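A.B. asks: Right, I'll just put the structure down here and ask away after.
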Amino acid sequence: MSQTRDLQGGKAFGLLKAQQEERLDETNKQFLEDPKYSSDEDLPSKLDAFKKKYMEFDLNGDGDIGEKDIMSLKRMLEKLGVPKTHLELKKLIREVSSGSGETFSYSDFLRMMLGKRSAILKMILMYEEKAREQEKPTGPPAKKAISELP
């Protein structure tokens, strides 16, 4: 940990994120080797997408998502048009957690996402995909034929 102290700002954050990603990759590997999930087609790309999503939520990189991450979770959901109250988010965390109920780990997150039980977070990610699909195309509009003009 001493090498983190010598680094400033962005470099320290980059190192933290790299270490976080390594830990999450390790967990992904365990899930890839787990026979319980072997029938899941597209598992490697799902795990990769889930890892990126988890890293967005876990801003301080401590490995768990909980109370301290609620505001970033809340802001993201508001952007997606699915605002949730503080209490609803606490319920979500309790629902997903296998431990104390105050935080959930990446493994908890993966079990929920790959499991059959539907949870609030699955819905959230679905909304997010839809929101992304509806984003307006960039660049100049396609040329229209004269007959298509109003």
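Ordered as shown in the structure tokens, chains take letters A, B, and onward, while each chain numbers its residues from 1 and ligands are numbered from 1 in the order shown.
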Give me the residues of segment 56-82 of chain A that have any atom at most 8 Å from an atom of segment 15-20 of chain A; for each, the nearest atom pair and the distance in Å, rounded to one decimal. Use only C-alpha atoms, sort by chain and number, and format it as JSON lines.

C.D. replies:
{"residue": "A:Gly61", "atom": "CA", "partner": "A:Gln20", "partner_atom": "CA", "distance": 5.9}
{"residue": "A:Asp62", "atom": "CA", "partner": "A:Gln20", "partner_atom": "CA", "distance": 7.7}
{"residue": "A:Gly63", "atom": "CA", "partner": "A:Gln20", "partner_atom": "CA", "distance": 7.0}

A.B. asks: Using only C-alpha atoms, which protein or nucleic acid residues come within 12 Å of segment 32-41 of chain A? Drop anything in the same chain fewer than 2 positions from it, and give the result as number ranges by chain.

C.D. replies: A: 25-30, 43-48, 110-111, 113-116

A.B. asks: Could you write those residues out with all heavy atoms, as a short mmCIF file (atom, residue, chain, number, x, y, z; two decimals), in the first residue's frame?

C.D. replies:
data_model
loop_
_atom_site.label_atom_id
_atom_site.label_comp_id
_atom_site.auth_asym_id
_atom_site.auth_seq_id
_atom_site.Cartn_x
_atom_site.Cartn_y
_atom_site.Cartn_z
N ASP A 25 -11.58 -9.27 -11.75
CA ASP A 25 -11.24 -10.28 -12.76
C ASP A 25 -11.08 -11.65 -12.11
O ASP A 25 -11.46 -12.67 -12.67
CB ASP A 25 -9.94 -9.91 -13.50
CG ASP A 25 -10.18 -8.85 -14.57
OD1 ASP A 25 -11.33 -8.72 -15.06
OD2 ASP A 25 -9.22 -8.14 -14.93
N GLU A 26 -10.47 -11.66 -10.93
CA GLU A 26 -10.26 -12.90 -10.18
C GLU A 26 -11.62 -13.54 -9.85
O GLU A 26 -11.81 -14.74 -10.02
CB GLU A 26 -9.48 -12.57 -8.89
CG GLU A 26 -8.80 -13.75 -8.25
CD GLU A 26 -7.93 -14.57 -9.20
OE1 GLU A 26 -7.11 -13.99 -9.95
OE2 GLU A 26 -8.10 -15.80 -9.20
N THR A 27 -12.55 -12.72 -9.40
CA THR A 27 -13.90 -13.21 -9.09
C THR A 27 -14.58 -13.72 -10.36
O THR A 27 -15.22 -14.77 -10.35
CB THR A 27 -14.75 -12.09 -8.45
OG1 THR A 27 -14.06 -11.60 -7.30
CG2 THR A 27 -16.12 -12.59 -8.03
N ASN A 28 -14.42 -12.98 -11.47
CA ASN A 28 -15.00 -13.42 -12.74
C ASN A 28 -14.49 -14.81 -13.12
O ASN A 28 -15.24 -15.64 -13.60
CB ASN A 28 -14.67 -12.43 -13.87
CG ASN A 28 -15.61 -11.23 -13.86
OD1 ASN A 28 -16.53 -11.14 -13.05
ND2 ASN A 28 -15.37 -10.30 -14.75
N LYS A 29 -13.18 -15.02 -12.89
CA LYS A 29 -12.57 -16.32 -13.23
C LYS A 29 -13.24 -17.44 -12.43
O LYS A 29 -13.54 -18.50 -12.97
CB LYS A 29 -11.07 -16.27 -12.93
CG LYS A 29 -10.24 -17.02 -13.98
CD LYS A 29 -8.78 -16.71 -13.88
CE LYS A 29 -8.16 -17.50 -12.74
NZ LYS A 29 -6.77 -17.18 -12.48
N GLN A 30 -13.51 -17.17 -11.15
CA GLN A 30 -14.17 -18.18 -10.31
C GLN A 30 -15.56 -18.51 -10.86
O GLN A 30 -15.97 -19.66 -10.87
CB GLN A 30 -14.28 -17.69 -8.87
CG GLN A 30 -12.94 -17.63 -8.16
CD GLN A 30 -13.00 -16.79 -6.88
OE1 GLN A 30 -14.07 -16.41 -6.42
NE2 GLN A 30 -11.83 -16.50 -6.33
N LEU A 43 -21.32 -16.04 -21.17
CA LEU A 43 -20.89 -15.70 -19.81
C LEU A 43 -19.69 -14.74 -19.77
O LEU A 43 -19.74 -13.74 -19.06
CB LEU A 43 -20.61 -16.97 -19.00
CG LEU A 43 -20.35 -16.78 -17.51
CD1 LEU A 43 -21.54 -16.15 -16.81
CD2 LEU A 43 -20.00 -18.10 -16.85
N PRO A 44 -18.62 -14.99 -20.56
CA PRO A 44 -17.47 -14.08 -20.48
C PRO A 44 -17.84 -12.62 -20.77
O PRO A 44 -17.42 -11.71 -20.04
CB PRO A 44 -16.49 -14.61 -21.53
CG PRO A 44 -16.86 -16.06 -21.67
CD PRO A 44 -18.35 -16.13 -21.44
N SER A 45 -18.65 -12.38 -21.79
CA SER A 45 -18.97 -10.98 -22.10
C SER A 45 -19.93 -10.39 -21.07
O SER A 45 -19.87 -9.21 -20.76
CB SER A 45 -19.52 -10.84 -23.52
OG SER A 45 -20.73 -11.51 -23.65
N LYS A 46 -20.82 -11.23 -20.51
CA LYS A 46 -21.70 -10.74 -19.44
C LYS A 46 -20.87 -10.32 -18.24
O LYS A 46 -21.08 -9.26 -17.66
CB LYS A 46 -22.69 -11.83 -19.00
CG LYS A 46 -23.87 -12.00 -19.91
CD LYS A 46 -24.78 -13.08 -19.33
CE LYS A 46 -25.96 -13.36 -20.22
NZ LYS A 46 -26.76 -14.49 -19.75
N LEU A 47 -19.92 -11.20 -17.86
CA LEU A 47 -19.09 -10.90 -16.69
C LEU A 47 -18.29 -9.62 -16.90
O LEU A 47 -18.13 -8.82 -15.99
CB LEU A 47 -18.14 -12.07 -16.39
CG LEU A 47 -18.81 -13.32 -15.80
CD1 LEU A 47 -17.83 -14.47 -15.71
CD2 LEU A 47 -19.44 -13.05 -14.45
N ASP A 48 -17.82 -9.42 -18.12
CA ASP A 48 -17.06 -8.21 -18.42
C ASP A 48 -17.94 -6.97 -18.28
O ASP A 48 -17.54 -5.97 -17.70
CB ASP A 48 -16.48 -8.30 -19.84
CG ASP A 48 -15.32 -7.34 -20.03
OD1 ASP A 48 -14.44 -7.31 -19.13
OD2 ASP A 48 -15.31 -6.61 -21.04
N LEU A 110 -22.79 -10.52 -8.74
CA LEU A 110 -22.79 -11.49 -9.83
C LEU A 110 -23.84 -12.58 -9.61
O LEU A 110 -24.54 -12.97 -10.53
CB LEU A 110 -21.41 -12.14 -10.00
CG LEU A 110 -20.33 -11.26 -10.61
CD1 LEU A 110 -19.03 -12.04 -10.73
CD2 LEU A 110 -20.75 -10.70 -11.96
N ARG A 111 -23.93 -13.07 -8.36
CA ARG A 111 -24.92 -14.12 -8.07
C ARG A 111 -26.32 -13.60 -8.39
O ARG A 111 -27.15 -14.32 -8.93
CB ARG A 111 -24.83 -14.56 -6.62
CG ARG A 111 -23.81 -15.68 -6.42
CD ARG A 111 -23.91 -16.30 -5.04
NE ARG A 111 -23.50 -15.37 -3.99
CZ ARG A 111 -22.22 -15.17 -3.66
NH1 ARG A 111 -21.26 -15.84 -4.25
NH2 ARG A 111 -21.91 -14.30 -2.72
N MET A 113 -27.09 -11.09 -10.55
CA MET A 113 -27.24 -10.84 -11.98
C MET A 113 -27.36 -12.13 -12.78
O MET A 113 -28.06 -12.19 -13.78
CB MET A 113 -26.06 -10.01 -12.52
CG MET A 113 -25.98 -8.62 -11.93
SD MET A 113 -27.51 -7.68 -12.02
CE MET A 113 -27.65 -7.42 -13.77
N LEU A 114 -26.66 -13.18 -12.34
CA LEU A 114 -26.67 -14.44 -13.07
C LEU A 114 -27.74 -15.39 -12.54
O LEU A 114 -28.08 -16.37 -13.18
CB LEU A 114 -25.30 -15.12 -12.99
CG LEU A 114 -24.16 -14.34 -13.63
CD1 LEU A 114 -22.82 -14.95 -13.26
CD2 LEU A 114 -24.31 -14.26 -15.14
N GLY A 115 -28.24 -15.07 -11.35
CA GLY A 115 -29.24 -15.94 -10.73
C GLY A 115 -30.60 -15.75 -11.37
O GLY A 115 -30.81 -14.87 -12.19
N LYS A 116 -31.52 -16.58 -10.97
CA LYS A 116 -32.85 -16.54 -11.56
C LYS A 116 -33.72 -15.48 -10.87
O LYS A 116 -34.67 -14.99 -11.44
CB LYS A 116 -33.52 -17.91 -11.46
CG LYS A 116 -32.78 -18.99 -12.23
CD LYS A 116 -32.77 -18.72 -13.73
CE LYS A 116 -31.87 -19.69 -14.46
NZ LYS A 116 -30.84 -19.05 -15.25
#

A.B. asks: Quick one: of A:Glu148, A:Asp42, A:Asp58, A:Asp69, who's nearest to His86 of chain A, counting only C-alpha atoms?

C.D. replies: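 Checking each of A:Glu148, A:Asp42, A:Asp58, A:Asp69 against His86 of chain A, counting only C-alpha atoms, the winner is A:Asp69.
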
A.B. asks: What are the nearest atom pairs, with distances in Å to one decimal, for all residues of segment 78-97 of chain A that come at most 8 Å from segment 70-74 of chain A, using only C-alpha atoms, set out by chain and rising residue number as a Markdown table?

C.D. replies:
| residue | atom | partner | partner_atom | distance |
| --- | --- | --- | --- | --- |
| A:Glu78 | CA | A:Lys74 | CA | 6.2 |
| A:Pro83 | CA | A:Lys74 | CA | 6.9 |
| A:Lys84 | CA | A:Lys74 | CA | 6.5 |
| A:Thr85 | CA | A:Lys74 | CA | 7.7 |
| A:His86 | CA | A:Ile70 | CA | 7.5 |
| A:Leu89 | CA | A:Ile70 | CA | 6.9 |
| A:Lys90 | CA | A:Ile70 | CA | 7.9 |

A.B. asks: For the residues selected in the previous step, produce a file with all heavy atoms as a tab-separated table (two decimals), in the first residue's frame.

C.D. replies:
chain	number	residue	atom	x	y	z
A	78	GLU	N	-31.39	8.48	-11.35
A	78	GLU	CA	-32.15	9.67	-11.74
A	78	GLU	C	-31.88	9.99	-13.21
A	78	GLU	O	-32.79	10.32	-13.96
A	78	GLU	CB	-31.78	10.86	-10.85
A	78	GLU	CG	-32.44	10.77	-9.49
A	78	GLU	CD	-31.84	11.71	-8.45
A	78	GLU	OE1	-30.93	12.50	-8.77
A	78	GLU	OE2	-32.30	11.64	-7.28
A	83	PRO	N	-35.85	7.29	-10.77
A	83	PRO	CA	-35.42	7.79	-9.45
A	83	PRO	C	-35.87	6.86	-8.33
A	83	PRO	O	-36.97	6.30	-8.39
A	83	PRO	CB	-36.09	9.16	-9.35
A	83	PRO	CG	-37.18	9.15	-10.35
A	83	PRO	CD	-36.81	8.17	-11.41
A	84	LYS	N	-34.98	6.67	-7.37
A	84	LYS	CA	-35.29	5.83	-6.21
A	84	LYS	C	-35.02	6.66	-4.96
A	84	LYS	O	-34.11	7.48	-4.95
A	84	LYS	CB	-34.39	4.59	-6.17
A	84	LYS	CG	-34.60	3.64	-7.34
A	84	LYS	CD	-35.78	2.75	-7.08
A	84	LYS	CE	-36.11	1.91	-8.29
A	84	LYS	NZ	-37.53	1.72	-8.46
A	85	THR	N	-35.80	6.40	-3.91
A	85	THR	CA	-35.55	7.09	-2.65
A	85	THR	C	-34.39	6.41	-1.93
A	85	THR	O	-33.99	5.29	-2.29
A	85	THR	CB	-36.79	7.01	-1.72
A	85	THR	OG1	-36.98	5.64	-1.36
A	85	THR	CG2	-38.03	7.55	-2.40
A	86	HIS	N	-33.90	7.10	-0.92
A	86	HIS	CA	-32.81	6.56	-0.10
A	86	HIS	C	-33.21	5.21	0.48
A	86	HIS	O	-32.43	4.26	0.49
A	86	HIS	CB	-32.50	7.56	1.02
A	86	HIS	CG	-31.05	7.66	1.34
A	86	HIS	ND1	-30.15	8.28	0.51
A	86	HIS	CD2	-30.34	7.19	2.40
A	86	HIS	CE1	-28.94	8.20	1.04
A	86	HIS	NE2	-29.02	7.53	2.17
A	89	LEU	N	-33.15	2.40	-2.05
A	89	LEU	CA	-31.78	1.97	-2.34
A	89	LEU	C	-31.22	1.11	-1.21
A	89	LEU	O	-30.52	0.13	-1.45
A	89	LEU	CB	-30.88	3.17	-2.62
A	89	LEU	CG	-31.21	3.89	-3.93
A	89	LEU	CD1	-30.40	5.16	-4.06
A	89	LEU	CD2	-30.95	3.00	-5.13
A	90	LYS	N	-31.55	1.48	0.03
A	90	LYS	CA	-31.10	0.67	1.17
A	90	LYS	C	-31.71	-0.72	1.09
A	90	LYS	O	-31.06	-1.72	1.37
A	90	LYS	CB	-31.51	1.33	2.50
A	90	LYS	CG	-30.60	2.45	2.93
A	90	LYS	CD	-31.06	2.98	4.26
A	90	LYS	CE	-29.99	3.80	4.91
A	90	LYS	NZ	-30.38	4.29	6.22

A.B. asks: Using only C-alpha atoms for the distances, tell me which of A:Gly66, A:Ser147, A:Gly14, A:Gly81 is nearest to Glu95 of chain A.

C.D. replies: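 Looking at the shortest contact to Glu95 of chain A, the residue is A:Gly66.
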
A.B. asks: What is the distance between atom CA of Glu56 of chain A and atom CA of Phe31 of chain A, in Å to one decimal?

C.D. replies: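 Between these atoms lies a distance of 20.3 Å.
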
A.B. asks: Using atom CA of Glu102 of chain A and atom CA of Met55 of chain A as the two end points, give the distance in Å to one decimal.

C.D. replies: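 The value is 18.1 Å.
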
A.B. asks: What does the distance between atom CA of Glu67 of chain A and atom CA of Phe50 of chain A come to in Å, to one decimal place?

C.D. replies: 20.1 Å

A.B. asks: Output as a PyMOL selection string all residues of segment 12-114 of chain A that backbone DSSP marks as alpha helix (DSSP H).

C.D. replies: chain A and resi 12-33+43-57+70-79+86-96+106-114

A.B. asks: In terms of the shortest atom-to-atom distance over only C-alpha atoms, which of A:Ala49, A:Glu21, A:Ile146, A:Ile65 is closest to Ser105 of chain A?

C.D. replies: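 Among A:Ala49, A:Glu21, A:Ile146, A:Ile65, it is A:Ile65 that comes nearest to Ser105 of chain A.
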
A.B. asks: Of the candidates A:Ser100, A:Ile93, A:Ala12, A:Lys79, which shows the shortest atom-to-atom distance to Met112 of chain A, using only C-alpha atoms?

C.D. replies: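 Checking each of A:Ser100, A:Ile93, A:Ala12, A:Lys79 against Met112 of chain A, counting only C-alpha atoms, the winner is A:Ile93.
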